[in-house]
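Dumped work_21.cif below, it's mmCIF, C-alpha atoms:
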data_start
loop_
_atom_site.label_atom_id
_atom_site.label_comp_id
_atom_site.auth_asym_id
_atom_site.auth_seq_id
_atom_site.Cartn_x
_atom_site.Cartn_y
_atom_site.Cartn_z
CA LEU A 1 -16.44 -40.60 -12.39
CA LEU A 2 -17.36 -39.14 -9.02
CA ASN A 3 -20.82 -37.56 -9.00
CA ILE A 4 -20.92 -34.38 -6.93
CA ASN A 5 -24.03 -32.32 -6.25
CA VAL A 6 -23.17 -28.81 -5.05
CA GLY A 7 -26.18 -26.70 -4.13
CA GLY A 8 -28.39 -28.50 -6.67
CA LYS A 9 -25.91 -28.49 -9.56
CA LEU A 10 -24.31 -31.73 -10.69
CA PHE A 11 -20.59 -32.05 -11.43
CA GLN A 12 -18.65 -35.13 -12.55
CA ILE A 13 -14.93 -35.45 -11.94
CA ALA A 14 -12.66 -38.42 -12.60
CA TYR A 15 -11.25 -40.21 -9.56
CA LYS A 16 -7.72 -40.10 -10.94
CA VAL A 17 -7.95 -36.30 -11.34
CA LEU A 18 -9.06 -35.86 -7.72
CA ALA A 19 -6.33 -38.22 -6.52
CA ARG A 20 -3.69 -35.72 -7.64
CA TYR A 21 -4.66 -33.52 -4.69
CA PRO A 22 -5.04 -35.94 -1.77
CA ILE A 23 -5.13 -33.27 0.95
CA THR A 24 -8.22 -31.55 -0.47
CA ARG A 25 -11.76 -32.53 0.57
CA LEU A 26 -12.63 -34.11 -2.80
CA GLY A 27 -9.23 -35.76 -3.00
CA LYS A 28 -9.90 -37.50 0.31
CA LEU A 29 -13.39 -38.41 -0.89
CA ALA A 30 -11.86 -40.11 -3.96
CA LEU A 31 -9.18 -41.98 -2.00
CA TYR A 32 -11.16 -43.14 1.05
CA THR A 33 -12.63 -46.61 0.89
CA ASP A 34 -14.47 -46.48 4.22
CA PRO A 35 -18.10 -45.31 3.57
CA VAL A 36 -18.29 -43.80 7.08
CA LYS A 37 -15.30 -41.53 6.43
CA LYS A 38 -16.78 -40.51 3.08
CA LEU A 39 -20.05 -39.50 4.69
CA GLN A 40 -18.12 -37.34 7.16
CA LEU A 41 -16.72 -35.31 4.24
CA CYS A 42 -20.09 -34.47 2.64
CA ASP A 43 -23.46 -33.22 3.83
CA ASP A 44 -25.53 -36.07 2.36
CA TYR A 45 -25.36 -39.06 0.02
CA LEU A 46 -28.02 -39.99 -2.54
CA VAL A 47 -27.89 -43.77 -2.93
CA GLN A 48 -30.17 -43.97 -6.01
CA LYS A 49 -28.03 -41.54 -8.05
CA ASN A 50 -24.71 -42.29 -6.31
CA GLU A 51 -24.25 -38.56 -5.65
CA TYR A 52 -22.39 -36.85 -2.84
CA PHE A 53 -24.29 -33.74 -1.85
CA PHE A 54 -22.60 -30.56 -0.58
CA ASP A 55 -24.65 -27.61 0.68
CA ARG A 56 -22.25 -24.99 -0.61
CA ASP A 57 -22.24 -22.16 -3.14
CA PRO A 58 -22.31 -23.66 -6.68
CA SER A 59 -21.08 -20.41 -8.29
CA ILE A 60 -17.79 -20.61 -6.37
CA PHE A 61 -17.50 -24.34 -7.01
CA HIS A 62 -17.18 -23.63 -10.74
CA TYR A 63 -13.69 -22.27 -9.95
CA ILE A 64 -12.94 -25.31 -7.77
CA PHE A 65 -14.10 -27.59 -10.58
CA HIS A 66 -11.86 -25.75 -13.05
CA PHE A 67 -8.95 -26.06 -10.61
CA TYR A 68 -9.15 -29.87 -10.57
CA ARG A 69 -9.28 -30.00 -14.36
CA SER A 70 -6.49 -27.48 -15.10
CA GLY A 71 -4.46 -27.29 -11.89
CA VAL A 72 -4.89 -23.49 -11.74
CA LEU A 73 -7.21 -21.65 -9.37
CA TRP A 74 -8.72 -18.61 -11.08
CA VAL A 75 -9.77 -15.61 -9.02
CA MET A 76 -12.30 -13.11 -10.35
CA ASN A 77 -12.34 -9.48 -9.16
CA GLU A 78 -16.11 -9.31 -8.70
CA MET A 79 -16.10 -12.01 -6.00
CA CYS A 80 -16.24 -11.19 -2.31
CA PRO A 81 -12.80 -12.01 -0.85
CA SER A 82 -14.13 -13.21 2.50
CA HIS A 83 -16.70 -15.51 0.89
CA PHE A 84 -14.19 -16.90 -1.60
CA VAL A 85 -11.59 -17.62 1.11
CA GLU A 86 -14.25 -19.33 3.23
CA GLU A 87 -15.26 -21.57 0.31
CA ILE A 88 -11.76 -22.61 -0.76
CA GLU A 89 -10.85 -23.33 2.87
CA TYR A 90 -13.87 -25.63 3.07
CA TRP A 91 -12.74 -27.50 -0.03
CA GLY A 92 -9.18 -27.67 1.32
CA ILE A 93 -7.59 -25.70 -1.52
CA HIS A 94 -4.86 -23.16 -0.86
CA LEU A 95 -4.63 -19.79 -2.56
CA LYS A 96 -1.09 -20.62 -3.68
CA TYR A 97 -2.56 -22.64 -6.59
CA SER A 98 -3.75 -19.41 -8.21
CA GLN A 99 -1.71 -17.35 -10.66
CA ARG A 100 0.65 -14.79 -9.09
CA CYS A 101 -1.07 -11.81 -10.75
CA CYS A 102 -4.49 -12.96 -9.56
CA ARG A 103 -3.17 -13.71 -6.09
CA ILE A 104 -1.58 -10.25 -5.70
CA LEU A 105 -4.76 -8.45 -6.79
CA PHE A 106 -6.89 -10.70 -4.58
CA GLU A 107 -4.71 -10.12 -1.50
CA GLU A 108 -4.80 -6.36 -2.11
CA LYS A 109 -8.59 -6.47 -2.33
CA GLN A 110 -8.69 -8.61 0.81
CA ASP A 111 -6.50 -6.10 2.69
CA GLU A 112 -8.73 -3.24 1.53
CA LEU A 113 -11.81 -5.09 2.77
CA ASN A 114 -10.20 -5.86 6.13
CA GLU A 115 -9.14 -2.21 6.50
CA TYR A 116 -12.65 -1.08 5.59
CA LEU A 117 -14.24 -3.40 8.15
CA LYS A 118 -11.73 -2.28 10.79
CA ILE A 119 -12.51 1.40 10.17
CA GLU A 120 -16.25 0.70 10.23
CA LYS A 121 -15.87 -1.01 13.59
CA GLU A 122 -13.80 1.86 15.00
CA LEU A 123 -16.31 4.41 13.69
CA GLU A 124 -19.15 2.59 15.43
CA ALA A 125 -17.09 2.45 18.63
CA GLU A 126 -16.46 6.20 18.31
CA LEU A 127 -20.16 6.88 18.84
CA GLU A 128 -20.85 4.16 21.36
CA PRO A 129 -20.81 5.36 24.99
CA LEU A 130 -18.40 3.71 27.40
CA GLU A 131 -21.30 2.56 29.51
CA SER A 132 -24.70 1.14 28.65
CA GLY A 133 -27.99 1.37 30.46
CA GLU A 134 -28.02 -2.37 31.15
CA GLN A 135 -24.85 -2.18 33.26
CA PHE A 136 -26.76 -0.55 36.11
CA ASP A 137 -29.24 -3.43 36.55
CA GLY A 138 -28.88 -4.97 39.98
CA LYS A 139 -26.31 -2.45 41.20
CA PHE A 140 -26.44 0.00 44.09
CA LEU A 141 -28.88 2.82 43.24
CA GLY A 142 -29.15 1.32 39.76
CA PRO A 143 -32.31 3.15 38.57
CA PHE A 144 -31.04 6.51 39.89
CA ARG A 145 -27.59 6.10 38.29
CA LYS A 146 -29.20 4.98 35.04
CA MET A 147 -31.36 8.13 35.04
CA ILE A 148 -28.25 10.28 35.61
CA TRP A 149 -26.42 8.40 32.85
CA ASN A 150 -29.21 9.04 30.35
CA LEU A 151 -29.25 12.73 31.26
CA ILE A 152 -25.51 13.26 30.90
CA GLU A 153 -24.39 10.70 28.29
CA ASN A 154 -27.40 10.12 26.03
CA PRO A 155 -28.64 13.46 24.64
CA TYR A 156 -31.30 11.77 22.51
CA SER A 157 -32.95 9.94 25.41
CA SER A 158 -35.12 12.88 26.52
CA VAL A 159 -35.66 16.63 26.22
CA PRO A 160 -33.82 17.41 29.53
CA ALA A 161 -30.83 15.39 28.32
CA LYS A 162 -30.75 17.40 25.10
CA ILE A 163 -31.00 20.63 27.10
CA ILE A 164 -28.05 19.60 29.27
CA ALA A 165 -25.97 18.80 26.16
CA VAL A 166 -26.78 22.21 24.65
CA MET A 167 -26.05 23.96 27.97
CA SER A 168 -22.68 22.19 28.16
CA SER A 169 -21.68 23.58 24.77
CA ILE A 170 -22.98 27.05 25.68
CA PHE A 171 -21.00 27.11 28.94
CA VAL A 172 -17.85 26.09 27.06
CA LEU A 173 -18.28 29.00 24.67
CA ILE A 174 -19.03 31.39 27.55
CA SER A 175 -15.89 30.23 29.35
CA ILE A 176 -13.73 30.76 26.25
CA VAL A 177 -15.22 34.23 25.68
CA ASP A 178 -14.64 35.07 29.36
CA MET A 179 -10.99 34.00 29.14
CA THR A 180 -10.57 36.06 25.95
CA LEU A 181 -12.16 39.21 27.40
CA SER A 182 -10.06 38.95 30.55
CA THR A 183 -7.00 39.83 28.44
CA VAL A 184 -8.60 43.01 26.99
CA GLU A 185 -7.14 46.18 28.48
CA GLU A 186 -10.54 47.81 28.99
CA MET A 187 -11.62 44.87 31.18
CA GLN A 188 -8.62 45.12 33.52
CA ASN A 189 -10.42 47.45 35.95
CA LYS A 190 -11.88 46.29 39.23
CA THR A 191 -15.47 45.97 37.97
CA GLY A 192 -14.45 44.05 34.87
CA LYS A 193 -12.30 41.63 36.86
CA MET A 194 -15.14 41.03 39.29
CA TRP A 195 -17.56 40.17 36.48
CA MET A 196 -15.01 37.90 34.83
CA GLU A 197 -14.37 36.06 38.09
CA GLN A 198 -18.08 35.55 38.68
CA VAL A 199 -18.62 34.18 35.18
CA GLU A 200 -15.64 31.87 35.63
CA MET A 201 -17.06 30.67 38.96
CA VAL A 202 -20.45 29.85 37.42
CA CYS A 203 -18.82 27.96 34.53
CA ALA A 204 -16.55 26.04 36.94
CA ILE A 205 -19.55 25.06 39.10
CA PHE A 206 -21.43 23.79 36.04
CA PHE A 207 -18.42 21.82 34.75
CA THR A 208 -17.80 20.37 38.22
CA SER A 209 -21.44 19.29 38.54
CA GLU A 210 -21.27 17.71 35.10
CA TYR A 211 -18.07 15.86 36.00
CA LEU A 212 -19.51 14.57 39.28
CA MET A 213 -22.67 13.38 37.52
CA ARG A 214 -20.54 11.41 35.07
CA LEU A 215 -18.53 9.98 37.95
CA ILE A 216 -21.70 8.88 39.77
CA SER A 217 -23.16 7.28 36.64
CA SER A 218 -19.99 5.34 35.85
CA SER A 219 -20.08 1.59 36.49
CA THR A 220 -16.37 1.35 37.36
CA PHE A 221 -13.98 4.07 38.52
CA LYS A 222 -11.09 2.60 36.51
CA LYS A 223 -13.00 2.75 33.23
CA PHE A 224 -14.07 6.30 34.05
CA LEU A 225 -10.46 7.46 34.48
CA ARG A 226 -9.32 5.83 31.23
CA ALA A 227 -11.88 7.70 29.12
CA ALA A 228 -10.33 10.54 27.09
CA PHE A 229 -13.37 12.82 27.34
CA ASN A 230 -13.42 12.48 31.12
CA ALA A 231 -9.77 13.51 31.24
CA ILE A 232 -10.67 16.59 29.18
CA ASP A 233 -13.47 17.40 31.64
CA LEU A 234 -11.01 17.14 34.53
CA VAL A 235 -8.55 19.48 32.80
CA ALA A 236 -11.41 21.91 32.23
CA ILE A 237 -12.17 22.30 35.95
CA LEU A 238 -8.73 21.90 37.56
CA PRO A 239 -7.39 25.41 36.70
CA PHE A 240 -10.17 27.08 38.70
CA TYR A 241 -9.46 25.14 41.91
CA ILE A 242 -5.68 25.30 41.52
CA GLN A 243 -5.95 29.06 41.10
CA ILE A 244 -7.96 29.31 44.35
CA LEU A 245 -5.39 27.13 46.12
CA PHE A 246 -2.44 29.26 44.98
CA GLU A 247 -4.21 32.47 45.88
CA ASN A 248 -4.84 31.18 49.42
CA LEU A 249 -1.20 30.12 49.73
CA ASP A 250 -0.16 33.56 48.56
CA GLU A 251 -2.32 35.22 51.22
CA GLY A 252 -0.79 32.98 53.91
CA ASP A 253 2.73 33.83 52.84
CA MET A 254 2.00 37.54 53.20
CA HIS A 255 1.84 37.13 57.00
CA TYR A 256 4.97 35.06 57.54
CA HIS A 257 7.65 36.24 55.14
CA GLU A 258 9.76 39.30 54.86
CA GLU A 259 9.14 41.95 52.23
CA LEU A 260 11.79 40.66 49.80
CA HIS A 261 10.56 37.09 50.02
CA LYS A 262 6.98 38.27 49.53
CA VAL A 263 7.87 39.99 46.27
CA GLU A 264 9.67 36.89 45.00
CA ASN A 265 6.76 34.62 45.91
CA VAL A 266 4.23 36.94 44.27
CA SER A 267 6.32 36.95 41.09
CA LYS A 268 6.62 33.17 41.01
CA LEU A 269 2.98 32.59 41.84
CA GLY A 270 1.95 35.09 39.17
CA LYS A 271 3.79 33.10 36.50
CA VAL A 272 2.27 29.83 37.72
CA LEU A 273 -1.22 31.34 37.78
CA LYS A 274 -0.82 32.62 34.24
CA LEU A 275 0.12 29.13 33.10
CA ILE A 276 -2.80 27.59 34.98
CA LYS A 277 -5.25 30.11 33.52
CA LEU A 278 -3.93 29.27 30.06
CA MET A 279 -5.01 25.65 30.63
CA ARG A 280 -8.62 26.82 30.40
CA ILE A 281 -8.22 26.93 26.63
CA PHE A 282 -8.50 23.12 26.67
CA ARG A 283 -12.17 23.51 27.57
CA ILE A 284 -12.89 23.98 23.91
CA LEU A 285 -12.07 20.27 23.48
CA LYS A 286 -15.26 19.54 25.42
CA LEU A 287 -17.17 20.49 22.28
CA ALA A 288 -15.89 17.28 20.66
CA ARG A 289 -18.24 15.31 22.91
CA HIS A 290 -21.25 16.70 21.02
CA SER A 291 -19.63 17.63 17.69
CA THR A 292 -19.49 15.06 14.90
CA GLY A 293 -17.13 17.25 12.89
CA LEU A 294 -14.52 17.42 15.65
CA ARG A 295 -14.79 13.68 16.19
CA ALA A 296 -14.34 13.08 12.47
CA PHE A 297 -11.27 15.36 12.46
CA SER A 298 -9.75 13.55 15.44
CA PHE A 299 -10.51 10.16 13.85
CA THR A 300 -8.93 11.30 10.56
CA MET A 301 -5.73 12.35 12.33
CA ARG A 302 -5.54 8.98 14.10
CA GLN A 303 -6.08 7.03 10.90
CA CYS A 304 -3.71 9.17 8.81
CA TYR A 305 -0.91 9.53 11.34
CA GLN A 306 1.53 7.82 8.96
CA GLN A 307 0.85 10.34 6.18
CA VAL A 308 1.10 13.22 8.65
CA CYS A 309 4.40 11.89 10.02
CA CYS A 310 5.74 11.55 6.46
CA LEU A 311 4.72 15.15 5.76
CA LEU A 312 6.52 16.36 8.90
CA LEU A 313 9.59 14.31 7.92
CA PHE A 314 9.67 15.86 4.43
CA ILE A 315 9.28 19.35 5.93
CA ALA A 316 12.17 18.71 8.33
CA MET A 317 14.33 17.42 5.47
CA GLY A 318 13.46 20.48 3.39
CA VAL A 319 14.24 22.87 6.25
CA PHE A 320 17.66 21.32 6.87
CA THR A 321 18.51 21.09 3.16
CA PHE A 322 17.50 24.59 2.07
CA SER A 323 18.84 26.26 5.22
CA ALA A 324 22.23 24.71 4.49
CA LEU A 325 22.05 25.81 0.82
CA ILE A 326 21.02 29.39 1.61
CA HIS A 327 23.73 29.70 4.25
CA SER A 328 26.41 28.48 1.86
CA VAL A 329 25.56 31.13 -0.76
CA GLU A 330 24.64 34.03 1.57
CA HIS A 331 26.98 33.86 4.57
CA ASP A 332 29.66 36.05 2.89
CA VAL A 333 27.24 38.91 2.14
CA PRO A 334 27.83 41.94 4.45
CA GLY A 335 24.98 42.42 6.96
CA THR A 336 23.33 39.11 6.08
CA ASP A 337 20.91 37.43 8.47
CA PHE A 338 22.07 33.96 7.38
CA THR A 339 25.06 33.91 9.73
CA SER A 340 24.61 30.21 10.50
CA ILE A 341 22.46 27.27 9.47
CA PRO A 342 20.30 27.40 12.66
CA TYR A 343 19.54 31.07 11.90
CA ALA A 344 18.42 30.00 8.41
CA TRP A 345 15.96 27.41 9.75
CA TRP A 346 13.25 30.03 10.31
CA TRP A 347 13.60 31.34 6.73
CA ALA A 348 13.45 27.80 5.32
CA ALA A 349 10.37 26.88 7.41
CA VAL A 350 8.53 30.07 6.40
CA SER A 351 9.42 29.60 2.74
CA LEU A 352 8.43 25.93 2.67
CA SER A 353 5.05 26.77 4.16
CA THR A 354 4.69 29.49 1.44
CA VAL A 355 3.85 32.06 4.13
CA GLY A 356 6.80 34.34 3.32
CA TYR A 357 6.96 36.92 6.10
CA GLY A 358 9.79 38.77 4.36
CA ASP A 359 11.68 39.40 7.60
CA THR A 360 14.67 37.48 6.22
CA VAL A 361 15.42 37.56 2.47
CA PRO A 362 18.37 36.53 0.30
CA ASP A 363 20.37 39.30 -1.41
CA THR A 364 22.32 37.45 -4.10
CA ILE A 365 20.96 36.05 -7.37
CA LEU A 366 22.08 32.56 -6.40
CA GLY A 367 20.34 32.90 -3.06
CA ARG A 368 17.10 33.94 -4.77
CA MET A 369 17.35 30.91 -7.03
CA VAL A 370 17.66 28.71 -3.93
CA ALA A 371 14.63 30.52 -2.46
CA PHE A 372 12.61 29.89 -5.64
CA VAL A 373 13.40 26.17 -5.52
CA CYS A 374 12.54 26.10 -1.81
CA ILE A 375 9.15 27.76 -2.39
CA SER A 376 8.39 25.47 -5.36
CA PHE A 377 9.24 22.42 -3.27
CA GLY A 378 6.98 23.74 -0.50
CA ILE A 379 4.02 24.14 -2.90
CA ILE A 380 4.42 20.57 -4.16
CA LEU A 381 4.95 19.23 -0.65
CA ASN A 382 1.90 20.95 0.84
CA GLY A 383 -0.33 19.88 -2.04
CA MET A 384 0.40 16.16 -1.75
CA PRO A 385 -1.43 15.08 1.44
CA ILE A 386 -4.30 17.62 1.31
CA SER A 387 -6.48 15.57 -1.04
CA ILE A 388 -5.86 12.38 0.96
CA LEU A 389 -6.71 14.00 4.29
CA TYR A 390 -9.75 15.85 2.91
CA ASN A 391 -11.19 12.77 1.18
CA LYS A 392 -10.76 10.66 4.30
CA PHE A 393 -12.23 13.39 6.52
CA SER A 394 -15.32 13.80 4.34
CA ASP A 395 -15.74 10.03 4.16
CA TYR A 396 -15.41 9.55 7.93
CA TYR A 397 -17.70 12.51 8.63
CA ALA A 398 -20.42 11.10 6.37
CA LYS A 399 -20.13 7.67 7.99
CA LEU A 400 -20.20 9.10 11.51
CA LYS A 401 -23.33 11.09 10.67
CA ALA A 402 -24.93 7.98 9.15
CA HIS A 403 -24.14 5.91 12.28
CA GLU A 404 -25.38 8.74 14.48
CA MET A 405 -28.68 8.97 12.60
CA SER A 406 -29.16 5.19 12.67
CA GLN A 407 -28.65 5.15 16.44
#

What does the file become when written as structure tokens?
Amino acid sequence: LLNINVGGKLFQIAYKVLARYPITRLGKLALYTDPVKKLQLCDDYLVQKNEYFFDRDPSIFHYIFHFYRSGVLWVMNEMCPSHFVEEIEYWGIHLKYSQRCCRILFEEKQDELNEYLKIEKELEAELEPLESGEQFDGKFLGPFRKMIWNLIENPYSSVPAKIIAVMSSIFVLISIVDMTLSTVEEMQNKTGKMWMEQVEMVCAIFFTSEYLMRLISSSTFKKFLRAAFNAIDLVAILPFYIQILFENLDEGDMHYHEELHKVENVSKLGKVLKLIKLMRIFRILKLARHSTGLRAFSFTMRQCYQQVCCLLLFIAMGVFTFSALIHSVEHDVPGTDFTSIPYAWWWAAVSLSTVGYGDTVPDTILGRMVAFVCISFGIILNGMPISILYNKFSDYYAKLKAHEMSQ
């Protein structure tokens, strides 16, 4: 018998049993005749008791011991998958020796653990800033850039940094309200436009100053450009300067073109300016920098993109299927709106989403039966992913808040 001491517990296994598995650690220990090679396989050797000592987990070795006796590796659900894999790899035993049912459950648990660790790592990275205060040590104007970085990127570093973070959110809201009020008819007079332009100018100056401070406090320009939040900041300030540029070009064209060309240019520039002004709505995305809820929502969408894509695929399939069915039973009705399948797409989309505007309705009994099936399918379809998305969102939000509080 081979005497084995694992973590203080003694086990005895016959040499001929160990020799059945020559590629395992204990199999090699039983077959080797060179004492030097044997000592390389264990942590220590007790000469008085003729015991080979291994500084490993004795609770896991019970399953290894049972494997040598029965030839089957048992896997228990309560064991940590990472720890169990580490132990059996040390002993040189492959997971293929376990029963298929145990192996499938173990691999599923291992995948769940790996996915959990991956999500935890990504959640921590979600809150970590792109830069760190240590990156400015020894660089040009390092202390000054570090001070700017703390003010603009680390709201919890000081009271002024917190004030700047709050002011950034307030200016975003002011800018959105200003853009909304600029479309109100009562604000279209000269005084209202002047006030709106002044508010927009103040917001643009603040956003530009904030962007420049982040640019100054960045360690590398390349990393600064790759950051998503910095791209959002750039989109937030570009419409203001592009609008000024187009307005100046418009004034220059007034002196050099004929009357007809001037009218055409004004019309074209007006459409471009409307599109540019609409880009200001993206400023609301700046709130995600200081909002845990928006970050959790964005993270949920990234993690559940497969479920969302499946939902969109099912909706598209339902739209095509039910639009074809409703067209086939309604196209012969006089005065029908279902003159073709593309015209029926809108009805199918509205019915699947259970909104039901009522602008297009079937007239025949068979068409109403198709509509009932379409609405029923839409209710089932919309109810499937809601629980998954909500549970993941609440879980990610709680974890993000926990990481935020720990930091």

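With atom CA of A:Cys203 on one side and atom CA of A:Ile164 on the other, the separation reads 13.5 Å.
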
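Excluding A:Lys49 and any residue on its chain fewer than 2 positions from it, the residues at most 12 Å away by all atoms listed in the file are A:Leu2, A:Asn3, A:Ile4, A:Asn5, A:Leu10, A:Tyr45, A:Leu46, A:Val47, A:Glu51, A:Tyr52, A:Phe53.
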
Store the residues picked out above in a file with C-alpha atoms, as an mmCIF file, in the frame of the given file.
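Listing of part26.cif after writing:
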data_model
loop_
_atom_site.group_PDB
_atom_site.id
_atom_site.type_symbol
_atom_site.label_atom_id
_atom_site.label_comp_id
_atom_site.auth_asym_id
_atom_site.auth_seq_id
_atom_site.Cartn_x
_atom_site.Cartn_y
_atom_site.Cartn_z
ATOM 1 C CA LEU A 2 -17.360 -39.140 -9.020
ATOM 2 C CA ASN A 3 -20.820 -37.560 -9.000
ATOM 3 C CA ILE A 4 -20.920 -34.380 -6.930
ATOM 4 C CA ASN A 5 -24.030 -32.320 -6.250
ATOM 5 C CA LEU A 10 -24.310 -31.730 -10.690
ATOM 6 C CA TYR A 45 -25.360 -39.060 0.020
ATOM 7 C CA LEU A 46 -28.020 -39.990 -2.540
ATOM 8 C CA VAL A 47 -27.890 -43.770 -2.930
ATOM 9 C CA GLU A 51 -24.250 -38.560 -5.650
ATOM 10 C CA TYR A 52 -22.390 -36.850 -2.840
ATOM 11 C CA PHE A 53 -24.290 -33.740 -1.850
#

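Between A:Pro22 and the candidates A:Ile152, A:Leu173, A:Ile93, A:Met79, the tightest atom-to-atom separation, counting all atoms listed in the file, involves A:Ile93.
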
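Counting from atom CA of A:Val184, the distance to atom CA of A:Ala288 is 27.5 Å.
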
Target residues per the PyMOL selection byres ((chain A and resi 229) around 9), formatted as a PyMOL selection string
chain A and resi 226-228+230-234+285-286+288-289

What does the file look like for those residues with C-alpha atoms, as a PDB file, keeping the file's coordinate frame?
ATOM      1  CA  ARG A 226      -9.320   5.830  31.230  1.00  0.00           C
ATOM      2  CA  ALA A 227     -11.880   7.700  29.120  1.00  0.00           C
ATOM      3  CA  ALA A 228     -10.330  10.540  27.090  1.00  0.00           C
ATOM      4  CA  ASN A 230     -13.420  12.480  31.120  1.00  0.00           C
ATOM      5  CA  ALA A 231      -9.770  13.510  31.240  1.00  0.00           C
ATOM      6  CA  ILE A 232     -10.670  16.590  29.180  1.00  0.00           C
ATOM      7  CA  ASP A 233     -13.470  17.400  31.640  1.00  0.00           C
ATOM      8  CA  LEU A 234     -11.010  17.140  34.530  1.00  0.00           C
ATOM      9  CA  LEU A 285     -12.070  20.270  23.480  1.00  0.00           C
ATOM     10  CA  LYS A 286     -15.260  19.540  25.420  1.00  0.00           C
ATOM     11  CA  ALA A 288     -15.890  17.280  20.660  1.00  0.00           C
ATOM     12  CA  ARG A 289     -18.240  15.310  22.910  1.00  0.00           C
TER      13      ARG A 289
END

Taken to one decimal, the atom CA of A:Ile148-atom CA of A:Leu212 distance is 10.4 Å

* Answer key for the PyMOL selection byres ((chain A and resi 72) around 12), residues as a ChimeraX atom specification -> /A:63-71,73-75,93-100,102-103

Would you mind exporting C-alpha atoms of the selected residues as an mmCIF file, keeping the file's coordinate frame?
data_model
loop_
_atom_site.group_PDB
_atom_site.id
_atom_site.type_symbol
_atom_site.label_atom_id
_atom_site.label_comp_id
_atom_site.auth_asym_id
_atom_site.auth_seq_id
_atom_site.Cartn_x
_atom_site.Cartn_y
_atom_site.Cartn_z
ATOM 1 C CA TYR A 63 -13.690 -22.270 -9.950
ATOM 2 C CA ILE A 64 -12.940 -25.310 -7.770
ATOM 3 C CA PHE A 65 -14.100 -27.590 -10.580
ATOM 4 C CA HIS A 66 -11.860 -25.750 -13.050
ATOM 5 C CA PHE A 67 -8.950 -26.060 -10.610
ATOM 6 C CA TYR A 68 -9.150 -29.870 -10.570
ATOM 7 C CA ARG A 69 -9.280 -30.000 -14.360
ATOM 8 C CA SER A 70 -6.490 -27.480 -15.100
ATOM 9 C CA GLY A 71 -4.460 -27.290 -11.890
ATOM 10 C CA LEU A 73 -7.210 -21.650 -9.370
ATOM 11 C CA TRP A 74 -8.720 -18.610 -11.080
ATOM 12 C CA VAL A 75 -9.770 -15.610 -9.020
ATOM 13 C CA ILE A 93 -7.590 -25.700 -1.520
ATOM 14 C CA HIS A 94 -4.860 -23.160 -0.860
ATOM 15 C CA LEU A 95 -4.630 -19.790 -2.560
ATOM 16 C CA LYS A 96 -1.090 -20.620 -3.680
ATOM 17 C CA TYR A 97 -2.560 -22.640 -6.590
ATOM 18 C CA SER A 98 -3.750 -19.410 -8.210
ATOM 19 C CA GLN A 99 -1.710 -17.350 -10.660
ATOM 20 C CA ARG A 100 0.650 -14.790 -9.090
ATOM 21 C CA CYS A 102 -4.490 -12.960 -9.560
ATOM 22 C CA ARG A 103 -3.170 -13.710 -6.090
#

How would you write, as a VMD selection string, the residues chosen by the PyMOL selection byres ((chain A and resi 28) around 12) on this structure?
chain A and resid 15 to 27 29 to 35 37 to 42 91 to 92

(message) as a list in words, please: the residues near A:Phe320 (cut-off 9 Å, all atoms listed in the file, same-chain neighbours under 3 positions excluded).
(response) Ile315, Ala316, Met317, Ser323, Ala324, Leu325, Ile341, Pro342, Ala344, Trp345 and Ala348 of chain A

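Here the question is which of A:Glu120, A:Glu87, A:Glu78, A:Asp332 gets nearest to A:Phe54 using all atoms listed in the file, and that residue is A:Glu87.
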
Skip stretch 367-383 of chain A itself and residues of its chain fewer than 2 positions away, then list as a short mmCIF file (atom, residue, chain, number, x, y, z; two decimals) with C-alpha atoms, in the coordinates of the input all residues within 8 Å of it, counting only C-alpha atoms.
data_model
loop_
_atom_site.label_atom_id
_atom_site.label_comp_id
_atom_site.auth_asym_id
_atom_site.auth_seq_id
_atom_site.Cartn_x
_atom_site.Cartn_y
_atom_site.Cartn_z
CA LEU A 311 4.72 15.15 5.76
CA PHE A 314 9.67 15.86 4.43
CA ILE A 315 9.28 19.35 5.93
CA GLY A 318 13.46 20.48 3.39
CA PHE A 322 17.50 24.59 2.07
CA LEU A 325 22.05 25.81 0.82
CA ILE A 326 21.02 29.39 1.61
CA VAL A 329 25.56 31.13 -0.76
CA GLU A 330 24.64 34.03 1.57
CA ALA A 348 13.45 27.80 5.32
CA SER A 351 9.42 29.60 2.74
CA LEU A 352 8.43 25.93 2.67
CA SER A 353 5.05 26.77 4.16
CA THR A 354 4.69 29.49 1.44
CA PRO A 362 18.37 36.53 0.30
CA ASP A 363 20.37 39.30 -1.41
CA THR A 364 22.32 37.45 -4.10
CA ILE A 365 20.96 36.05 -7.37
CA PRO A 385 -1.43 15.08 1.44
CA ILE A 386 -4.30 17.62 1.31
CA SER A 387 -6.48 15.57 -1.04
#

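For A:Phe106, the set of protein, DNA and RNA residues having any atom at most 9 Å away, when counting all atoms listed in the file and skipping those fewer than 5 positions along the same chain, is Val75, Met76, Asn77, Pro81, Cys101 and Asp111 of chain A.
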
Residue with the minimum atom-to-atom distance to A:Val202, picked from A:Ile174, A:Lys401, A:Ile216, A:Met179 with only C-alpha atoms counted, is A:Ile174

Contacts of A:Ile119 within 10 Å, only C-alpha atoms, excl. fewer than 6 positions in-chain, as a PDB file with C-alpha atoms, in the coordinates of the input:
ATOM      1  CA  LEU A 113     -11.810  -5.090   2.770  1.00  0.00           C
ATOM      2  CA  ALA A 125     -17.090   2.450  18.630  1.00  0.00           C
ATOM      3  CA  PHE A 299     -10.510  10.160  13.850  1.00  0.00           C
ATOM      4  CA  GLN A 303      -6.080   7.030  10.900  1.00  0.00           C
ATOM      5  CA  TYR A 396     -15.410   9.550   7.930  1.00  0.00           C
TER       6      TYR A 396
END
